[in-house]
Each structure stands twice: as structure tokens, then as C-alpha cells.
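Structure file entry14.json (JSON, C-alpha atoms) follows.
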[["chain", "number", "residue", "atom", "x", "y", "z"],
["Q", 64, "MET", "CA", 0.00, 0.00, 0.00],
["Q", 65, "SER", "CA", 1.38, 3.40, -0.95],
["Q", 66, "GLU", "CA", 2.21, 5.80, 1.78],
["Q", 67, "ARG", "CA", -0.53, 8.39, 2.46],
["Q", 68, "ARG", "CA", 0.40, 11.86, 1.28],
["Q", 69, "THR", "CA", 0.71, 14.48, 3.97],
["Q", 70, "ARG", "CA", -1.89, 17.26, 3.59],
["Q", 71, "PRO", "CA", -0.59, 20.78, 2.79],
["Q", 72, "ALA", "CA", -1.94, 22.29, 6.01],
["Q", 73, "ARG", "CA", -0.28, 19.56, 8.01],
["Q", 74, "ARG", "CA", 3.02, 19.98, 6.14],
["Q", 75, "LEU", "CA", 2.99, 23.69, 6.94],
["Q", 76, "THR", "CA", 2.25, 22.99, 10.59],
["Q", 77, "GLU", "CA", 5.06, 20.44, 10.71],
["Q", 78, "ARG", "CA", 7.54, 22.88, 9.17],
["Q", 79, "LEU", "CA", 6.63, 25.49, 11.75],
["Q", 80, "ALA", "CA", 6.89, 22.88, 14.46],
["Q", 81, "ARG", "CA", 10.35, 21.81, 13.33],
["Q", 82, "ARG", "CA", 11.50, 25.41, 13.58],
["Q", 83, "SER", "CA", 10.22, 25.59, 17.14],
["Q", 84, "GLY", "CA", 11.48, 22.11, 17.95],
["Q", 85, "LYS", "CA", 8.02, 20.99, 19.14],
["Q", 86, "ASP", "CA", 5.72, 18.34, 17.67],
["Q", 87, "PRO", "CA", 2.25, 19.96, 17.38],
["Q", 88, "TYR", "CA", 0.55, 16.55, 17.34],
["Q", 89, "GLU", "CA", 2.25, 15.15, 20.38],
["Q", 90, "GLY", "CA", -0.30, 13.79, 22.81],
["Q", 91, "LEU", "CA", -3.29, 14.08, 20.42],
["Q", 92, "PRO", "CA", -5.40, 10.97, 19.69],
["Q", 93, "VAL", "CA", -5.24, 9.71, 16.11],
["Q", 94, "ASP", "CA", -8.08, 8.44, 13.92],
["Q", 95, "ASP", "CA", -7.40, 4.75, 13.24],
["Q", 96, "GLU", "CA", -8.77, 4.83, 9.69],
["Q", 97, "LEU", "CA", -7.45, 8.15, 8.40],
["Q", 98, "GLY", "CA", -4.32, 8.41, 10.45],
["Q", 99, "GLU", "CA", -5.10, 12.05, 11.17],
["Q", 100, "PRO", "CA", -5.07, 13.72, 14.58],
["Q", 101, "ILE", "CA", -8.49, 14.14, 16.20],
["Q", 102, "LEU", "CA", -9.39, 17.73, 17.05],
["Q", 103, "PRO", "CA", -9.27, 18.57, 20.75],
["Q", 104, "ARG", "CA", -12.62, 18.59, 22.53],
["Q", 105, "TRP", "CA", -12.28, 22.26, 23.49],
["Q", 106, "PHE", "CA", -11.95, 23.20, 19.83],
["Q", 107, "VAL", "CA", -15.05, 21.22, 18.84],
["Q", 108, "LEU", "CA", -17.12, 22.64, 21.71],
["Q", 109, "THR", "CA", -16.04, 26.19, 20.90],
["Q", 110, "ALA", "CA", -17.01, 25.74, 17.25],
["Q", 111, "LEU", "CA", -20.40, 24.34, 18.23],
["Q", 112, "ALA", "CA", -20.98, 27.22, 20.63],
["Q", 113, "PHE", "CA", -20.66, 29.67, 17.76],
["Q", 114, "VAL", "CA", -23.41, 28.00, 15.70],
["Q", 115, "PRO", "CA", -26.38, 29.52, 17.65],
["Q", 116, "LEU", "CA", -24.64, 32.90, 17.60],
["Q", 117, "VAL", "CA", -24.32, 32.78, 13.82],
["Q", 118, "LEU", "CA", -27.98, 31.79, 13.47],
["Q", 119, "VAL", "CA", -29.14, 34.63, 15.74],
["Q", 120, "VAL", "CA", -27.06, 37.23, 13.92],
["Q", 121, "GLY", "CA", -28.29, 35.93, 10.57],
["Q", 122, "GLY", "CA", -31.91, 36.06, 11.74],
["Q", 123, "ILE", "CA", -31.56, 39.62, 13.00],
["Q", 124, "ALA", "CA", -30.00, 40.69, 9.72],
["Q", 125, "PHE", "CA", -32.77, 39.01, 7.71],
["Q", 126, "LEU", "CA", -35.58, 40.57, 9.75],
["Q", 127, "GLY", "CA", -33.91, 43.92, 9.99],
["Q", 128, "PHE", "CA", -33.22, 44.38, 6.31],
["Q", 129, "GLY", "CA", -36.52, 42.78, 5.35],
["Q", 130, "THR", "CA", -38.50, 45.29, 7.41],
["Q", 131, "GLY", "CA", -36.29, 48.31, 6.89],
["Q", 132, "LEU", "CA", -35.12, 48.40, 10.52],
["Q", 133, "LEU", "CA", -31.47, 48.07, 9.52],
["Q", 134, "GLY", "CA", -31.49, 50.28, 6.49],
["Q", 135, "GLY", "CA", -33.44, 48.03, 4.12],
["Q", 136, "GLU", "CA", -36.17, 49.48, 1.93],
["Q", 137, "ASP", "CA", -39.42, 50.15, 3.81],
["Q", 138, "VAL", "CA", -42.43, 49.95, 1.48],
["Q", 139, "PRO", "CA", -44.86, 52.85, 2.08],
["Q", 140, "ALA", "CA", -48.31, 51.88, 3.37],
["Q", 141, "ALA", "CA", -50.02, 53.04, 0.17],
["Q", 142, "GLU", "CA", -47.93, 50.63, -1.90],
["Q", 143, "ARG", "CA", -48.42, 47.50, 0.21],
["Q", 144, "ARG", "CA", -51.73, 46.69, -1.48],
["Q", 145, "PRO", "CA", -51.43, 47.14, -5.26],
["Q", 146, "PRO", "CA", -54.30, 48.37, -7.45],
["Q", 147, "PRO", "CA", -56.61, 45.90, -9.25],
["Q", 148, "GLU", "CA", -55.08, 43.72, -11.91],
["Q", 149, "GLY", "CA", -56.91, 41.47, -14.36],
["Q", 150, "PRO", "CA", -59.94, 39.92, -12.64],
["Q", 151, "TYR", "CA", -58.63, 40.65, -9.14],
["Q", 152, "THR", "CA", -59.54, 43.46, -6.77],
["Q", 153, "THR", "CA", -55.86, 43.62, -5.78],
["Q", 154, "GLY", "CA", -52.98, 42.71, -8.05],
["Q", 155, "VAL", "CA", -51.20, 39.63, -6.72],
["Q", 156, "GLY", "CA", -49.26, 38.38, -9.74],
["Q", 157, "GLU", "CA", -49.50, 34.63, -10.18],
["Q", 158, "LEU", "CA", -52.11, 33.03, -7.92],
["Q", 159, "VAL", "CA", -52.15, 29.35, -6.96],
["Q", 160, "ALA", "CA", -55.17, 27.80, -5.25],
["Q", 161, "GLY", "CA", -56.68, 24.38, -4.75],
["Q", 162, "GLU", "CA", -59.53, 23.00, -6.81],
["Q", 163, "ALA", "CA", -61.66, 21.39, -4.10],
["Q", 164, "ASP", "CA", -65.38, 21.90, -4.60],
["Q", 165, "PRO", "CA", -66.87, 24.59, -2.34],
["Q", 166, "GLU", "CA", -69.31, 23.70, 0.40],
["Q", 167, "ARG", "CA", -72.22, 25.81, 1.57],
["Q", 168, "ILE", "CA", -71.89, 26.71, 5.22],
["Q", 169, "ASP", "CA", -74.48, 26.64, 7.96],
["Q", 170, "ALA", "CA", -74.55, 30.44, 8.16],
["Q", 171, "PRO", "CA", -74.09, 31.74, 11.72],
["Q", 172, "CYS", "CA", -76.02, 34.92, 10.84],
["Q", 173, "SER", "CA", -78.39, 36.13, 8.14],
["Q", 174, "ALA", "CA", -75.72, 38.40, 6.62],
["Q", 175, "ALA", "CA", -73.68, 35.29, 5.77],
["Q", 176, "GLU", "CA", -76.47, 33.31, 4.09],
["Q", 177, "GLY", "CA", -75.19, 31.98, 0.77],
["Q", 178, "LEU", "CA", -71.46, 32.05, 1.50],
["Q", 179, "ARG", "CA", -69.42, 28.95, 0.68],
["Q", 180, "VAL", "CA", -65.96, 27.79, 1.73],
["Q", 181, "ALA", "CA", -63.46, 25.58, -0.08],
["Q", 182, "GLY", "CA", -60.20, 23.79, 0.62],
["Q", 183, "THR", "CA", -59.01, 21.15, 3.03],
["Q", 184, "GLU", "CA", -61.02, 20.29, 6.10],
["Q", 185, "GLN", "CA", -58.77, 22.55, 8.18],
["Q", 186, "ASP", "CA", -59.04, 25.36, 5.61],
["Q", 187, "ARG", "CA", -62.82, 25.16, 5.66],
["Q", 188, "ALA", "CA", -62.87, 25.17, 9.46],
["Q", 189, "THR", "CA", -60.68, 28.29, 9.59],
["Q", 190, "LEU", "CA", -62.74, 30.11, 6.96],
["Q", 191, "TYR", "CA", -65.98, 29.19, 8.71],
["Q", 192, "GLY", "CA", -64.44, 30.46, 11.93],
["Q", 193, "ALA", "CA", -63.74, 33.76, 10.20],
["Q", 194, "VAL", "CA", -67.36, 34.05, 9.04],
["Q", 195, "ASP", "CA", -68.58, 33.17, 12.52],
["Q", 196, "ALA", "CA", -66.29, 35.79, 14.07],
["Q", 197, "ALA", "CA", -67.48, 38.34, 11.52],
["Q", 198, "CYS", "CA", -71.10, 37.69, 12.42],
["Q", 199, "ASP", "CA", -70.31, 38.12, 16.13],
["Q", 200, "SER", "CA", -68.17, 41.25, 15.89],
["Q", 201, "LEU", "CA", -69.51, 43.14, 12.88],
["Q", 202, "GLY", "CA", -73.11, 42.49, 13.83],
["Q", 203, "GLU", "CA", -72.62, 44.54, 16.99],
["Q", 204, "VAL", "CA", -71.67, 47.67, 15.02],
["Q", 205, "ASP", "CA", -74.53, 49.31, 13.11],
["Q", 206, "GLU", "CA", -72.43, 50.52, 10.20],
["Q", 207, "LEU", "CA", -70.81, 47.08, 9.84],
["Q", 208, "ALA", "CA", -73.85, 44.88, 10.44],
["Q", 209, "ASP", "CA", -74.26, 44.28, 6.71],
["Q", 210, "GLY", "CA", -70.52, 43.80, 6.25],
["Q", 211, "LEU", "CA", -70.79, 40.34, 4.69],
["Q", 212, "GLU", "CA", -73.96, 40.85, 2.67],
["Q", 213, "PRO", "CA", -72.33, 41.90, -0.62],
["Q", 214, "LEU", "CA", -70.34, 38.66, -0.57],
["Q", 215, "ALA", "CA", -73.27, 36.53, 0.56],
["Q", 216, "ASP", "CA", -75.67, 38.04, -1.98],
["Q", 217, "HIS", "CA", -73.34, 36.89, -4.75],
["Q", 218, "GLY", "CA", -72.85, 33.45, -3.18],
["Q", 219, "ALA", "CA", -69.12, 34.16, -2.91],
["Q", 220, "ILE", "CA", -66.64, 31.36, -2.29],
["Q", 221, "LEU", "CA", -63.92, 31.79, 0.32],
["Q", 222, "ARG", "CA", -60.64, 29.91, -0.03],
["Q", 223, "PHE", "CA", -56.91, 30.25, 0.61],
["Q", 224, "ALA", "CA", -54.27, 30.80, -2.06],
["Q", 225, "THR", "CA", -50.61, 31.66, -2.46],
["Q", 226, "PHE", "CA", -49.72, 34.89, -4.25],
["Q", 227, "GLU", "CA", -46.67, 35.86, -6.22],
["Q", 228, "ALA", "CA", -46.96, 39.19, -4.40],
["Q", 229, "THR", "CA", -46.49, 37.51, -1.03],
["Q", 230, "GLY", "CA", -47.17, 40.64, 1.01],
["Q", 231, "VAL", "CA", -50.78, 40.98, -0.20],
["Q", 232, "ASP", "CA", -53.34, 39.73, 2.31],
["Q", 233, "VAL", "CA", -56.45, 39.19, 0.20],
["Q", 234, "THR", "CA", -57.94, 39.60, -3.26],
["Q", 235, "THR", "CA", -61.19, 38.68, -5.00],
["Q", 236, "ASP", "CA", -61.77, 37.33, -8.48],
["Q", 237, "LEU", "CA", -64.76, 39.36, -9.64],
["Q", 238, "VAL", "CA", -64.88, 37.78, -13.10],
["Q", 239, "SER", "CA", -65.52, 34.33, -11.69],
["Q", 240, "ASP", "CA", -69.18, 33.46, -11.20],
["Q", 241, "PRO", "CA", -69.68, 33.40, -8.29],
["Q", 242, "PRO", "CA", -66.86, 35.67, -7.06],
["Q", 243, "VAL", "CA", -64.03, 33.95, -5.22],
["Q", 244, "VAL", "CA", -62.35, 35.62, -2.25],
["Q", 245, "TYR", "CA", -58.76, 34.44, -1.86],
["Q", 246, "ALA", "CA", -57.09, 35.00, 1.50],
["Q", 247, "ASN", "CA", -53.33, 34.65, 1.65],
["Q", 248, "ALA", "CA", -52.48, 31.07, 2.62],
["Q", 249, "ARG", "CA", -50.49, 32.23, 5.64],
["Q", 250, "TYR", "CA", -53.81, 33.01, 7.34],
["Q", 251, "ALA", "CA", -54.69, 29.32, 7.23],
["Q", 252, "GLN", "CA", -52.30, 28.83, 10.15],
["Q", 253, "GLN", "CA", -53.45, 31.85, 12.16],
["Q", 254, "ALA", "CA", -56.44, 32.84, 14.26],
["Q", 255, "ALA", "CA", -59.62, 32.93, 12.18],
["Q", 256, "GLU", "CA", -60.66, 36.38, 13.42],
["Q", 257, "LEU", "CA", -57.66, 37.93, 11.64],
["Q", 258, "ILE", "CA", -59.51, 37.28, 8.38],
["Q", 259, "VAL", "CA", -62.58, 39.31, 9.43],
["Q", 260, "PRO", "CA", -61.20, 42.75, 8.42],
["Q", 261, "LEU", "CA", -60.10, 41.29, 5.09],
["Q", 262, "LEU", "CA", -63.64, 40.10, 4.38],
["Q", 263, "ALA", "CA", -65.00, 43.53, 5.28],
["Q", 264, "HIS", "CA", -62.56, 45.13, 2.84],
["Q", 265, "GLU", "CA", -63.46, 42.80, -0.02],
["Q", 266, "ALA", "CA", -67.18, 43.13, 0.68],
["Q", 267, "ASP", "CA", -66.88, 46.91, 0.42],
["Q", 268, "LEU", "CA", -65.09, 46.64, -2.93],
["Q", 269, "LEU", "CA", -67.76, 44.25, -4.21],
["Q", 270, "ARG", "CA", -70.43, 46.71, -3.10],
["Q", 271, "ALA", "CA", -68.57, 49.45, -4.99],
["Q", 272, "ALA", "CA", -68.39, 47.27, -8.09],
["Q", 273, "ASP", "CA", -72.15, 46.67, -7.90],
["Q", 274, "ARG", "CA", -72.62, 50.46, -7.88],
["Q", 275, "GLY", "CA", -70.47, 50.75, -10.97],
["Q", 276, "ASP", "CA", -67.53, 52.43, -9.24],
["Q", 277, "GLU", "CA", -64.06, 51.99, -10.68],
["Q", 278, "LEU", "CA", -62.14, 49.79, -8.25],
["Q", 279, "ASP", "CA", -58.82, 51.29, -9.27],
["Q", 280, "GLY", "CA", -60.00, 54.69, -8.06],
["Q", 281, "ALA", "CA", -57.96, 56.00, -5.14],
["Q", 282, "ARG", "CA", -61.04, 57.20, -3.26],
["Q", 283, "THR", "CA", -62.80, 53.86, -3.68],
["Q", 284, "ALA", "CA", -59.71, 52.09, -2.37],
["Q", 285, "LEU", "CA", -59.45, 54.47, 0.58],
["Q", 286, "ASP", "CA", -63.12, 53.96, 1.50],
["Q", 287, "ALA", "CA", -62.57, 50.19, 1.53],
["Q", 288, "ARG", "CA", -59.53, 50.65, 3.78],
["Q", 289, "ALA", "CA", -61.63, 52.77, 6.14],
["Q", 290, "ARG", "CA", -64.23, 50.02, 6.40],
["Q", 291, "GLN", "CA", -61.46, 47.51, 7.03],
["Q", 292, "ALA", "CA", -60.11, 49.71, 9.81],
["Q", 293, "ARG", "CA", -63.50, 49.78, 11.53],
["Q", 294, "ALA", "CA", -63.67, 46.00, 11.27],
["Q", 295, "CYS", "CA", -60.18, 45.79, 12.79],
["Q", 296, "GLU", "CA", -61.42, 47.69, 15.82],
["Q", 297, "ALA", "CA", -64.57, 45.61, 16.11],
["Q", 298, "ALA", "CA", -63.06, 42.15, 15.60],
["Q", 299, "LEU", "CA", -59.55, 42.23, 17.02],
["Q", 300, "ASP", "CA", -58.12, 42.88, 20.46],
["Q", 301, "ARG", "CA", -54.72, 43.56, 18.91],
["Q", 302, "PRO", "CA", -54.25, 44.91, 15.38],
["Q", 303, "SER", "CA", -52.82, 42.60, 12.76],
["Q", 304, "ARG", "CA", -50.11, 43.73, 10.36],
["Q", 305, "ALA", "CA", -52.80, 44.35, 7.73],
["Q", 306, "CYS", "CA", -54.69, 46.54, 10.21],
["Q", 307, "GLU", "CA", -51.53, 48.46, 11.08],
["Q", 308, "ASP", "CA", -50.85, 49.11, 7.40],
["Q", 309, "THR", "CA", -54.38, 50.43, 6.96],
["Q", 310, "ALA", "CA", -54.16, 52.60, 10.08],
["Q", 311, "GLU", "CA", -50.88, 54.09, 8.84],
["Q", 312, "LEU", "CA", -52.51, 55.15, 5.59],
["Q", 313, "LEU", "CA", -55.66, 56.48, 7.24],
["Q", 314, "ALA", "CA", -53.61, 58.53, 9.69],
["Q", 315, "LEU", "CA", -52.85, 60.87, 6.78],
["Q", 316, "GLU", "CA", -55.16, 63.67, 5.73],
["Q", 317, "ARG", "CA", -57.67, 62.23, 3.26],
["Q", 318, "GLU", "CA", -56.39, 64.15, 0.25],
["Q", 319, "GLU", "CA", -52.80, 63.26, 1.07],
["Q", 320, "ALA", "CA", -53.78, 59.59, 1.38],
["Q", 321, "VAL", "CA", -55.53, 59.81, -2.00],
["Q", 322, "GLU", "CA", -52.40, 61.27, -3.57],
["Q", 323, "ARG", "CA", -50.26, 58.54, -2.04],
["Q", 324, "LEU", "CA", -52.56, 55.90, -3.52],
["Q", 325, "ARG", "CA", -52.42, 57.58, -6.92],
["Q", 326, "ALA", "CA", -48.65, 57.57, -6.75],
["Q", 327, "ALA", "CA", -48.89, 53.82, -6.05],
["Q", 328, "GLY", "CA", -50.86, 53.21, -9.25],
["Q", 329, "PHE", "CA", -54.48, 53.98, -8.37],
["Q", 330, "ARG", "CA", -56.38, 56.61, -10.35]]

Let's see the structure in the file written out as C-alpha cells.
Amino acid sequence: MSERRTRPARRLTERLARRSGKDPYEGLPVDDELGEPILPRWFVLTALAFVPLVLVVGGIAFLGFGTGLLGGEDVPAAERRPPPEGPYTTGVGELVAGEADPERIDAPCSAAEGLRVAGTEQDRATLYGAVDAACDSLGEVDELADGLEPLADHGAILRFATFEATGVDVTTDLVSDPPVVYANARYAQQAAELIVPLLAHEADLLRAADRGDELDGARTALDARARQARACEAALDRPSRACEDTAELLALEREEAVERLRAAGFR
């Protein structure tokens, strides 16, 4: 069997050791198969100790730059929900959804009569929970009591989907008959009541479409955000990110908010 070649790093270490007159491998255990010294335990433990630190630093950098906290780009509130695109009330790019047949729900209130839900058993349970929460919370506020009716009157279908524009929370296909409300799939793993303000927003846009309003109008969009904001207050103890985005936009003077939406692509 030919003699194993000494690795370059080891040769360098040996040359340095010869100069100092000390064998750097003296006293170290040797791997029986490879014939190489085994790293000291303190070195291995030190290296392992740095792994969580690297993960934490990487996570902070990712979150910081992703949200603008560490100098990354912070998307203005008016631009976080794009104007309508194609058949959708909000542009989402490519949309991917399941094809399960929708099921009519046992409506928890009259305003929800006619709504249907689709998806896996868990998806349907979450969407029904959202409708139930909407009936409970919106029904207690006079101006929101009919919040689901535009959707229910059209027999709308509720389901989850993934969007190319991952930051968008919800959109509705108004060309489909009946209309289909798509909530971002991330809500499938969250509390059902977080979907309530999204339903109020889409219902208001559907009501506007029934009136013949242009959904890409900045004022129409702002009115829908205002209705969503009222639903946020009625349905949630703590605002969701979608509610915070809406509140940030509505904190502006109305005309300034309209101009911001126009700059983001609305008319």
C-alpha cells in the first residue's frame, strides 16, 4: 500500500513545528482509519458554541433588512396593497389555489347566508371560523352589520391561495361566477378572526363594483380601507399587520392619502 500523502496544512504545521522544535501533534489521539489527529474537545465545543450565535445574527439581519429596521427598503403603506389587476380586486401576480369543490356553510347569521368555503377540512374550518367571528363582531356595530352581505348576496366562495406578491393579504376574483375571495395562505395557520377585516374590505369593494364604481379609483380604495379599519377595531383585540398598514394610511389627511394611492398606481 502506498504511503498516504501528507496534507498541505499539516506539512505547513510540521515545518513550523520543526523550527520551534516541538511536535504539534504530540499527545493528540489519532483516527485509526485516516491516520489524522483528532481535534481537541475544546476546539469542537467552541465551534459548536458559535453555531447559535451565527444563526441569531443571521436572523436579526434578515428581519432587519426585510423590514427596513437596519437600512433596508421600507415599502410605504399606500404601496403595500397594489391596485386591481386582471380579474382581481388587488394585483397579486400569479395566484395558486386548490380545486376542491366549495361547500355551503351553515350560516351563523343572516348576513352570511349563501357564503361557501373551499379547501381542506382545516381550511374550511378556519374560513368558517372567520365568518362566525365576523357575524359576532360586525353584527354589533350598526355601520358594519351588513358587512358580509355583498359577498353573501353573490354566493361568494372563500378559499386560501398563495400569491406571487407575497405581502398581499387578500384579493377577490370578480370575473368568476360566483366571485371567489382568496385569503393569503399564511392566514390558514393563524387565528380565524384575523380574516374578518379582510372580508369587510373585499365586501366593500364588491359593493362598490355593484354600484359601478371603478375599483382602481384611489377614493374607492381608501373607503374600503376605512371600512377595514372599523372591522379591525370591532373584531380584534390587537391589530394585525394588515390593520396596522391600513391605520398608517388612514392617519394621513384624506387628500394626502388619496395622492399617495395615486402615486402607487391607483387613479

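Interatomic distance, atom CA of Q:Leu257 against atom CA of Q:Arg301: 9.7 Å.
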
Original post:
Please, what distance in Å, to one decimal, runs between atom CA of Q:Leu312 and atom CA of Q:Gly149?
Top reply: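 Separation of atom CA of Q:Leu312 and atom CA of Q:Gly149: 24.6 Å.
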
**OP:** Please identify all polymer residues within 12 Å of Q:Asp300, counting only C-alpha atoms, omitting same-chain residues fewer than 6 positions from it, and present them as number ranges by chain.
**Re:** Q: 200, 254, 256-257, 294, 306

Original post:
For Q:Glu227, which residue among Q:Leu285, Q:Ala193, Q:Ala272, Q:Ala248 is the nearest when counting all atoms listed in the file?
Top reply: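 Result for the nearest residue to Q:Glu227: Q:Ala248.
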
**OP:** Kindly give the distance, in Å, that separates atom CA of Q:His264 and atom CA of Q:Gln291, rounded to a single decimal.
**Re:**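 Separating atom CA of Q:His264 from atom CA of Q:Gln291 is a distance of 4.9 Å.
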
**OP:** Check the smallest atom-to-atom distance from each of Q:Leu315, Q:Leu214, Q:Ala255, Q:Ala289 to Q:Asp273 using only C-alpha atoms, then report the winner.
**Re:**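 Of Q:Leu315, Q:Leu214, Q:Ala255, Q:Ala289, the one nearest Q:Asp273 is Q:Leu214, counting only C-alpha atoms.
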
Subject >> Residues near stretch 236-240 of chain Q, cut-off 9 Å, all atoms listed in the file, skip fewer than 5 positions along chain, as a ChimeraX atom specification >> reply: /Q:149-152,217-219,245,269,272

Subject >> Top pick for closest residue to Q:Ala141, considering Q:Ala284, Q:Ala292, Q:Ala215, Q:Thr189 and counting all atoms listed in the file >> reply: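 Of Q:Ala284, Q:Ala292, Q:Ala215, Q:Thr189, the one nearest Q:Ala141 is Q:Ala284, counting all atoms listed in the file.
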
Subject >> Which residue of Q:Ala170, Q:Ala181, Q:Ala287, Q:Ala188 approaches Q:Arg270 most closely, using all atoms listed in the file >> reply: Q:Ala287

**OP:** Would you mind telling me which residue in Q:Ala196, Q:Leu313, Q:Ala271, Q:Val138 lies nearest to Q:Val259 when using only C-alpha atoms?
**Re:**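 Of the candidates, the smallest distance to Q:Val259 is held by Q:Ala196.
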
**OP:** Measuring atom to atom with all atoms listed in the file, identify which of Q:Glu157, Q:Asp205, Q:Asp308, Q:Glu319 is nearest to Q:Glu142.
**Re:**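 Closest to Q:Glu142 of all the choices is Q:Asp308.
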
**OP:** May I have the protein, DNA and RNA residues with any atom at most 12 Å from the point (-45.6, 51.1, 4.1), counting only C-alpha atoms, written as a PyMOL selection string?
**Re:** chain Q and resi 130-131+136-145+230+304-313+323-324+327
